[in-house]
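*Asks:* Let me begin by handing over the structure; questions about it come next.
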Amino acid sequence: MKTLDLNELLQNHPYPGRGIVLGRSADDKKAVIAYFIMGRSENSRNRVFETTGDGIRTRAYDESKMVDPSLIIYHPVRRTERGLIVTNGDQTDTIRDGHGFVAALRTRTFEPDAPNWTPRISGLLGGDGSYKLSILRAADPEGQRCIRCFYEYEPAPGEGRFISTYEGFGSPLPSFSGEPVAVSVPALPAQELAAALWAALDEDNRVSLYVAAAGEEVIINKHGEEA
């Protein structure tokens, strides 16, 4: 599979929705994790990332404007004994509390937001640098059946995999399809990686970004809060 430049990929696809990147730096010194959220509605844009004791969570930027928190307030990243979990929903906790990545996700399905049926995307980064990715997406327009796909990767210097909820704009929004995309991972500090990714995301729709590498964590929020 051809390895693509992630920044160029994002620039050419202005609405991937929510996205996960897992991989290894080109100098083979660190695992790299990235997670971002985008939004079109006022409710989904009214969010920021903030750190917690074991990772990060989303929270409302303005509580008075929060309409429905059910699908937008969750813990995207949690560190566990089995590795670092990153997802686009409350399945983070399902994986943390379950008996294995695959077994836990077999109990879940896509989001109940007809007609989009937003996929649930999930990743698990192991202590040895290997990682797993998954997508749970609708098999039909009515949301009657679920397709559950799982992928496992051994670490390779300078390479990662990218998966997102959508492939662009549409009505309904087109779900991500196919295998996670192979992308290049440069040997840069987390701050520089985050700045480049943030710049590549569509300015009108980007909401928050999290990047971690070699123990360094960076959060960028559209509402101006940065950690």
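Residues in the structure tokens are numbered from 1 in each chain, the chains being A, B, ... in the order shown, and ligands are numbered from 1 in the order shown.
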Can you tell me which residues surround A:Pro174 at a distance of at most 12 Å, considering only C-alpha atoms, apart from same-chain residues fewer than 5 positions away, and format the answer as an mmCIF file with N, CA, C and O atoms, in the first residue's frame?

*Replies:*
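Output file result_16.cif follows:
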data_model
loop_
_atom_site.group_PDB
_atom_site.id
_atom_site.type_symbol
_atom_site.label_atom_id
_atom_site.label_comp_id
_atom_site.auth_asym_id
_atom_site.auth_seq_id
_atom_site.Cartn_x
_atom_site.Cartn_y
_atom_site.Cartn_z
ATOM 1 N N TYR A 15 -13.649 17.409 5.040
ATOM 2 C CA TYR A 15 -14.493 16.984 6.150
ATOM 3 C C TYR A 15 -14.374 15.486 6.430
ATOM 4 O O TYR A 15 -15.267 14.702 6.055
ATOM 5 N N PRO A 16 -13.280 15.069 7.101
ATOM 6 C CA PRO A 16 -13.155 13.668 7.524
ATOM 7 C C PRO A 16 -13.908 13.365 8.809
ATOM 8 O O PRO A 16 -13.952 12.210 9.254
ATOM 9 N N GLY A 17 -14.474 14.386 9.453
ATOM 10 C CA GLY A 17 -15.213 14.183 10.706
ATOM 11 C C GLY A 17 -14.292 14.073 11.898
ATOM 12 O O GLY A 17 -13.679 15.038 12.320
ATOM 13 N N PRO A 115 -29.709 9.969 9.390
ATOM 14 C CA PRO A 115 -29.377 8.922 8.418
ATOM 15 C C PRO A 115 -27.877 8.695 8.235
ATOM 16 O O PRO A 115 -27.470 7.916 7.381
ATOM 17 N N ASN A 116 -27.034 9.408 9.032
ATOM 18 C CA ASN A 116 -25.586 9.280 8.838
ATOM 19 C C ASN A 116 -25.029 7.965 9.374
ATOM 20 O O ASN A 116 -24.081 7.421 8.819
ATOM 21 N N TRP A 117 -25.611 7.469 10.477
ATOM 22 C CA TRP A 117 -25.090 6.260 11.128
ATOM 23 C C TRP A 117 -23.567 6.373 11.261
ATOM 24 O O TRP A 117 -22.816 5.545 10.758
ATOM 25 N N THR A 118 -23.126 7.409 11.947
ATOM 26 C CA THR A 118 -21.689 7.681 12.072
ATOM 27 C C THR A 118 -20.933 6.461 12.587
ATOM 28 O O THR A 118 -21.301 5.884 13.614
ATOM 29 N N PRO A 119 -19.869 6.048 11.894
ATOM 30 C CA PRO A 119 -19.088 4.898 12.360
ATOM 31 C C PRO A 119 -18.418 5.174 13.700
ATOM 32 O O PRO A 119 -18.097 6.319 14.034
ATOM 33 N N ARG A 137 -19.401 0.205 11.183
ATOM 34 C CA ARG A 137 -20.210 1.060 10.319
ATOM 35 C C ARG A 137 -21.453 0.337 9.825
ATOM 36 O O ARG A 137 -21.514 -0.897 9.835
ATOM 37 N N ALA A 138 -22.427 1.106 9.394
ATOM 38 C CA ALA A 138 -23.691 0.544 8.941
ATOM 39 C C ALA A 138 -23.516 -0.206 7.632
ATOM 40 O O ALA A 138 -22.781 0.231 6.737
ATOM 41 N N PRO A 141 -28.578 1.473 4.361
ATOM 42 C CA PRO A 141 -29.062 2.830 4.635
ATOM 43 C C PRO A 141 -30.028 2.904 5.813
ATOM 44 O O PRO A 141 -30.171 3.963 6.430
ATOM 45 N N SER A 164 -10.855 7.562 9.696
ATOM 46 C CA SER A 164 -11.758 8.652 10.065
ATOM 47 C C SER A 164 -13.198 8.177 9.980
ATOM 48 O O SER A 164 -13.476 7.082 9.478
ATOM 49 N N THR A 165 -14.101 8.994 10.443
ATOM 50 C CA THR A 165 -15.511 8.608 10.394
ATOM 51 C C THR A 165 -16.103 8.799 9.005
ATOM 52 O O THR A 165 -16.904 7.986 8.549
ATOM 53 N N TYR A 166 -15.715 9.876 8.320
ATOM 54 C CA TYR A 166 -16.309 10.195 7.021
ATOM 55 C C TYR A 166 -15.243 10.334 5.936
ATOM 56 O O TYR A 166 -14.053 10.467 6.226
ATOM 57 N N GLU A 167 -15.720 10.361 4.693
ATOM 58 C CA GLU A 167 -14.826 10.569 3.556
ATOM 59 C C GLU A 167 -15.086 11.901 2.869
ATOM 60 O O GLU A 167 -14.557 12.159 1.794
ATOM 61 N N GLY A 168 -15.901 12.748 3.479
ATOM 62 C CA GLY A 168 -16.190 14.050 2.897
ATOM 63 C C GLY A 168 -17.597 14.488 3.224
ATOM 64 O O GLY A 168 -18.268 13.920 4.087
ATOM 65 N N PHE A 169 -18.050 15.520 2.527
ATOM 66 C CA PHE A 169 -19.396 16.036 2.706
ATOM 67 C C PHE A 169 -20.397 15.174 1.946
ATOM 68 O O PHE A 169 -20.047 14.436 1.030
#

*Asks:* Please extract the residues of stretch 104-222 of chain A with a backbone DSSP assignment of strand (DSSP E or B) and present them as an mmCIF file with N, CA and C atoms, in the first residue's frame.

*Replies:*
data_model
loop_
_atom_site.group_PDB
_atom_site.id
_atom_site.type_symbol
_atom_site.label_atom_id
_atom_site.label_comp_id
_atom_site.auth_asym_id
_atom_site.auth_seq_id
_atom_site.Cartn_x
_atom_site.Cartn_y
_atom_site.Cartn_z
ATOM 1 N N ARG A 120 -18.230 4.114 14.458
ATOM 2 C CA ARG A 120 -17.387 4.190 15.645
ATOM 3 C C ARG A 120 -15.994 3.709 15.234
ATOM 4 N N ILE A 121 -15.002 4.579 15.410
ATOM 5 C CA ILE A 121 -13.623 4.223 15.098
ATOM 6 C C ILE A 121 -12.849 4.124 16.405
ATOM 7 N N SER A 122 -11.955 3.130 16.479
ATOM 8 C CA SER A 122 -11.236 2.865 17.728
ATOM 9 C C SER A 122 -9.821 2.393 17.436
ATOM 10 N N GLY A 123 -8.912 2.681 18.363
ATOM 11 C CA GLY A 123 -7.534 2.218 18.246
ATOM 12 C C GLY A 123 -6.984 1.806 19.597
ATOM 13 N N LEU A 124 -6.022 0.907 19.572
ATOM 14 C CA LEU A 124 -5.321 0.474 20.781
ATOM 15 C C LEU A 124 -3.841 0.379 20.468
ATOM 16 N N LEU A 125 -3.029 1.187 21.146
ATOM 17 C CA LEU A 125 -1.577 1.183 20.975
ATOM 18 C C LEU A 125 -0.952 0.362 22.083
ATOM 19 N N TYR A 131 -0.143 -1.855 17.051
ATOM 20 C CA TYR A 131 -1.416 -1.202 17.286
ATOM 21 C C TYR A 131 -2.541 -1.864 16.497
ATOM 22 N N LYS A 132 -3.749 -1.625 16.991
ATOM 23 C CA LYS A 132 -4.956 -2.156 16.370
ATOM 24 C C LYS A 132 -5.900 -1.006 16.056
ATOM 25 N N LEU A 133 -6.646 -1.153 14.992
ATOM 26 C CA LEU A 133 -7.659 -0.180 14.627
ATOM 27 C C LEU A 133 -8.943 -0.912 14.273
ATOM 28 N N SER A 134 -10.049 -0.223 14.462
ATOM 29 C CA SER A 134 -11.347 -0.831 14.163
ATOM 30 C C SER A 134 -12.321 0.231 13.676
ATOM 31 N N ILE A 135 -13.265 -0.200 12.843
ATOM 32 C CA ILE A 135 -14.374 0.647 12.451
ATOM 33 C C ILE A 135 -15.652 -0.179 12.478
ATOM 34 N N LEU A 136 -16.677 0.360 13.092
ATOM 35 C CA LEU A 136 -18.004 -0.251 13.132
ATOM 36 C C LEU A 136 -18.921 0.665 12.334
ATOM 37 N N ARG A 137 -19.401 0.205 11.183
ATOM 38 C CA ARG A 137 -20.210 1.060 10.319
ATOM 39 C C ARG A 137 -21.453 0.337 9.825
ATOM 40 N N ALA A 138 -22.427 1.106 9.394
ATOM 41 C CA ALA A 138 -23.691 0.544 8.941
ATOM 42 C C ALA A 138 -23.516 -0.206 7.632
ATOM 43 N N CYS A 146 -24.699 -4.165 11.051
ATOM 44 C CA CYS A 146 -23.405 -3.531 11.323
ATOM 45 C C CYS A 146 -22.263 -4.340 10.707
ATOM 46 N N ILE A 147 -21.334 -3.641 10.078
ATOM 47 C CA ILE A 147 -20.082 -4.236 9.613
ATOM 48 C C ILE A 147 -19.001 -3.884 10.625
ATOM 49 N N ARG A 148 -18.330 -4.895 11.153
ATOM 50 C CA ARG A 148 -17.256 -4.666 12.126
ATOM 51 C C ARG A 148 -15.936 -5.107 11.509
ATOM 52 N N CYS A 149 -15.020 -4.159 11.340
ATOM 53 C CA CYS A 149 -13.719 -4.446 10.730
ATOM 54 C C CYS A 149 -12.610 -4.198 11.747
ATOM 55 N N PHE A 150 -11.632 -5.103 11.785
ATOM 56 C CA PHE A 150 -10.522 -5.005 12.729
ATOM 57 C C PHE A 150 -9.198 -5.177 11.980
ATOM 58 N N TYR A 151 -8.208 -4.381 12.361
ATOM 59 C CA TYR A 151 -6.899 -4.403 11.706
ATOM 60 C C TYR A 151 -5.813 -4.390 12.770
ATOM 61 N N GLU A 152 -4.743 -5.150 12.531
ATOM 62 C CA GLU A 152 -3.603 -5.189 13.449
ATOM 63 C C GLU A 152 -2.324 -4.892 12.671
ATOM 64 N N TYR A 153 -1.467 -4.058 13.265
ATOM 65 C CA TYR A 153 -0.252 -3.631 12.579
ATOM 66 C C TYR A 153 0.966 -3.745 13.498
ATOM 67 N N GLU A 159 6.012 5.186 9.614
ATOM 68 C CA GLU A 159 4.720 4.824 9.041
ATOM 69 C C GLU A 159 3.639 4.763 10.111
ATOM 70 N N GLY A 160 2.451 5.163 9.741
ATOM 71 C CA GLY A 160 1.297 5.060 10.612
ATOM 72 C C GLY A 160 0.077 4.731 9.790
ATOM 73 N N ARG A 161 -1.052 4.629 10.471
ATOM 74 C CA ARG A 161 -2.326 4.372 9.799
ATOM 75 C C ARG A 161 -3.344 5.400 10.251
ATOM 76 N N PHE A 162 -4.143 5.852 9.295
ATOM 77 C CA PHE A 162 -5.153 6.876 9.546
ATOM 78 C C PHE A 162 -6.530 6.325 9.223
ATOM 79 N N ILE A 163 -7.482 6.573 10.122
ATOM 80 C CA ILE A 163 -8.864 6.197 9.899
ATOM 81 C C ILE A 163 -9.750 7.338 10.382
ATOM 82 N N SER A 164 -10.855 7.562 9.696
ATOM 83 C CA SER A 164 -11.758 8.652 10.065
ATOM 84 C C SER A 164 -13.198 8.177 9.980
ATOM 85 N N TYR A 166 -15.715 9.876 8.320
ATOM 86 C CA TYR A 166 -16.309 10.195 7.021
ATOM 87 C C TYR A 166 -15.243 10.334 5.936
ATOM 88 N N SER A 175 -19.588 7.337 4.902
ATOM 89 C CA SER A 175 -18.716 6.710 5.895
ATOM 90 C C SER A 175 -17.368 6.325 5.292
ATOM 91 N N VAL A 181 -5.689 4.089 6.083
ATOM 92 C CA VAL A 181 -4.736 4.609 5.102
ATOM 93 C C VAL A 181 -3.327 4.651 5.684
ATOM 94 N N ALA A 182 -2.352 4.157 4.927
ATOM 95 C CA ALA A 182 -0.952 4.238 5.334
ATOM 96 C C ALA A 182 -0.454 5.666 5.130
ATOM 97 N N VAL A 183 0.082 6.259 6.194
ATOM 98 C CA VAL A 183 0.564 7.642 6.127
ATOM 99 C C VAL A 183 1.968 7.732 6.705
ATOM 100 N N SER A 184 2.729 8.702 6.240
ATOM 101 C CA SER A 184 4.081 8.912 6.745
ATOM 102 C C SER A 184 4.041 9.613 8.093
ATOM 103 N N ARG A 206 -12.746 22.529 11.914
ATOM 104 C CA ARG A 206 -11.915 21.917 12.949
ATOM 105 C C ARG A 206 -12.354 22.395 14.320
ATOM 106 N N VAL A 207 -12.272 21.489 15.303
ATOM 107 C CA VAL A 207 -12.722 21.806 16.662
ATOM 108 C C VAL A 207 -11.594 21.616 17.675
ATOM 109 N N SER A 208 -11.035 20.390 17.733
ATOM 110 C CA SER A 208 -9.974 20.104 18.708
ATOM 111 C C SER A 208 -9.030 19.038 18.161
ATOM 112 N N LEU A 209 -7.795 19.077 18.642
ATOM 113 C CA LEU A 209 -6.757 18.132 18.211
ATOM 114 C C LEU A 209 -5.912 17.717 19.405
ATOM 115 N N TYR A 210 -5.578 16.431 19.460
ATOM 116 C CA TYR A 210 -4.684 15.885 20.486
ATOM 117 C C TYR A 210 -3.570 15.134 19.793
ATOM 118 N N VAL A 211 -2.325 15.373 20.194
ATOM 119 C CA VAL A 211 -1.159 14.661 19.667
ATOM 120 C C VAL A 211 -0.264 14.263 20.834
ATOM 121 N N ALA A 212 0.213 13.030 20.799
ATOM 122 C CA ALA A 212 1.153 12.555 21.819
ATOM 123 C C ALA A 212 2.307 11.838 21.153
ATOM 124 N N ALA A 213 3.525 12.081 21.674
ATOM 125 C CA ALA A 213 4.727 11.429 21.157
ATOM 126 C C ALA A 213 5.823 11.525 22.209
ATOM 127 N N GLU A 216 5.328 13.453 25.389
ATOM 128 C CA GLU A 216 4.884 14.841 25.224
ATOM 129 C C GLU A 216 3.469 14.841 24.652
ATOM 130 N N GLU A 217 2.584 15.636 25.258
ATOM 131 C CA GLU A 217 1.205 15.726 24.807
ATOM 132 C C GLU A 217 0.868 17.169 24.441
ATOM 133 N N VAL A 218 0.109 17.319 23.373
ATOM 134 C CA VAL A 218 -0.296 18.651 22.919
ATOM 135 C C VAL A 218 -1.793 18.634 22.639
ATOM 136 N N ILE A 219 -2.500 19.637 23.124
ATOM 137 C CA ILE A 219 -3.911 19.836 22.823
ATOM 138 C C ILE A 219 -4.074 21.205 22.181
ATOM 139 N N ILE A 220 -4.792 21.249 21.074
ATOM 140 C CA ILE A 220 -5.152 22.518 20.439
ATOM 141 C C ILE A 220 -6.670 22.562 20.323
ATOM 142 N N ASN A 221 -7.274 23.595 20.842
ATOM 143 C CA ASN A 221 -8.715 23.791 20.778
ATOM 144 C C ASN A 221 -9.037 25.046 19.974
#

*Asks:* Output as a ChimeraX atom specification all residues of chain A that backbone DSSP marks as alpha helix (DSSP H).

*Replies:* /A:6-12,42-45,91-97,101-105,190-200

*Asks:* Do you have, as JSON lines, the list of residues of stretch 29-83 of chain A lying at most 9 Å from stretch 96-107 of chain A, each with its nearest atom pair and that distance in Å to one decimal, counting only C-alpha atoms and ordered by chain then number?

*Replies:*
{"residue": "A:Arg78", "atom": "CA", "partner": "A:Arg96", "partner_atom": "CA", "distance": 7.9}
{"residue": "A:Arg79", "atom": "CA", "partner": "A:Arg96", "partner_atom": "CA", "distance": 8.7}
{"residue": "A:Thr80", "atom": "CA", "partner": "A:Arg96", "partner_atom": "CA", "distance": 7.0}
{"residue": "A:Arg82", "atom": "CA", "partner": "A:Arg96", "partner_atom": "CA", "distance": 8.6}

*Asks:* Mind checking which residues fall within 7 Å of A:Ala187, counting only C-alpha atoms, ignoring those fewer than 3 positions away in the same chain, and posting them as a ChimeraX atom specification?

*Replies:* /A:25-27

*Asks:* Interatomic distance between atom CA of A:Val185 and atom CA of A:Asp5?

*Replies:*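 Taking atom CA of A:Val185 as the start and atom CA of A:Asp5 as the end point, the length is 8.3 Å.
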
*Asks:* Rank A:Pro189, A:Thr52, A:Val77, A:Glu111 by their smallest atom-to-atom distance to A:Ile95, using only C-alpha atoms, and report the top residue only.

*Replies:*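 Smallest separation from A:Ile95 among the options: A:Val77.
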
*Asks:* Near A:Arg47, counting only C-alpha atoms, which residues have an atom at most 8 Å away, once you skip same-chain residues fewer than 5 positions from it, shown as an NGL selection string?

*Replies:* :A and (58-62 or 207-208)

*Asks:* Residues of the last selection are to be written out with C-alpha atoms, as a PDB file, in the first residue's frame.

*Replies:*
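After the write, result.pdb holds the following:
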ATOM      1  CA  THR A  58     -14.306  16.312  25.702  1.00  0.00           C
ATOM      2  CA  ARG A  59     -16.385  18.905  27.515  1.00  0.00           C
ATOM      3  CA  ALA A  60     -18.723  21.712  26.541  1.00  0.00           C
ATOM      4  CA  TYR A  61     -16.994  25.035  25.994  1.00  0.00           C
ATOM      5  CA  ASP A  62     -20.219  26.872  26.854  1.00  0.00           C
ATOM      6  CA  VAL A 207     -12.722  21.806  16.662  1.00  0.00           C
ATOM      7  CA  SER A 208      -9.974  20.104  18.708  1.00  0.00           C
TER       8      SER A 208
END

*Asks:* Using Å and a single decimal, report how far atom CA of A:Ile20 sits from atom CA of A:Phe36.

*Replies:* 6.9 Å

*Asks:* How far is it from atom CA of A:Lys29 to atom CA of A:Asp93, in Å with one decimal?

*Replies:*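 So the answer is 29.0 Å.
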
*Asks:* Using only C-alpha atoms, which residue out of A:Val21, A:Leu84, A:Met1, A:Ala190 lies closest to A:Asp54?

*Replies:*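 Of A:Val21, A:Leu84, A:Met1, A:Ala190, the one nearest A:Asp54 is A:Leu84, counting only C-alpha atoms.
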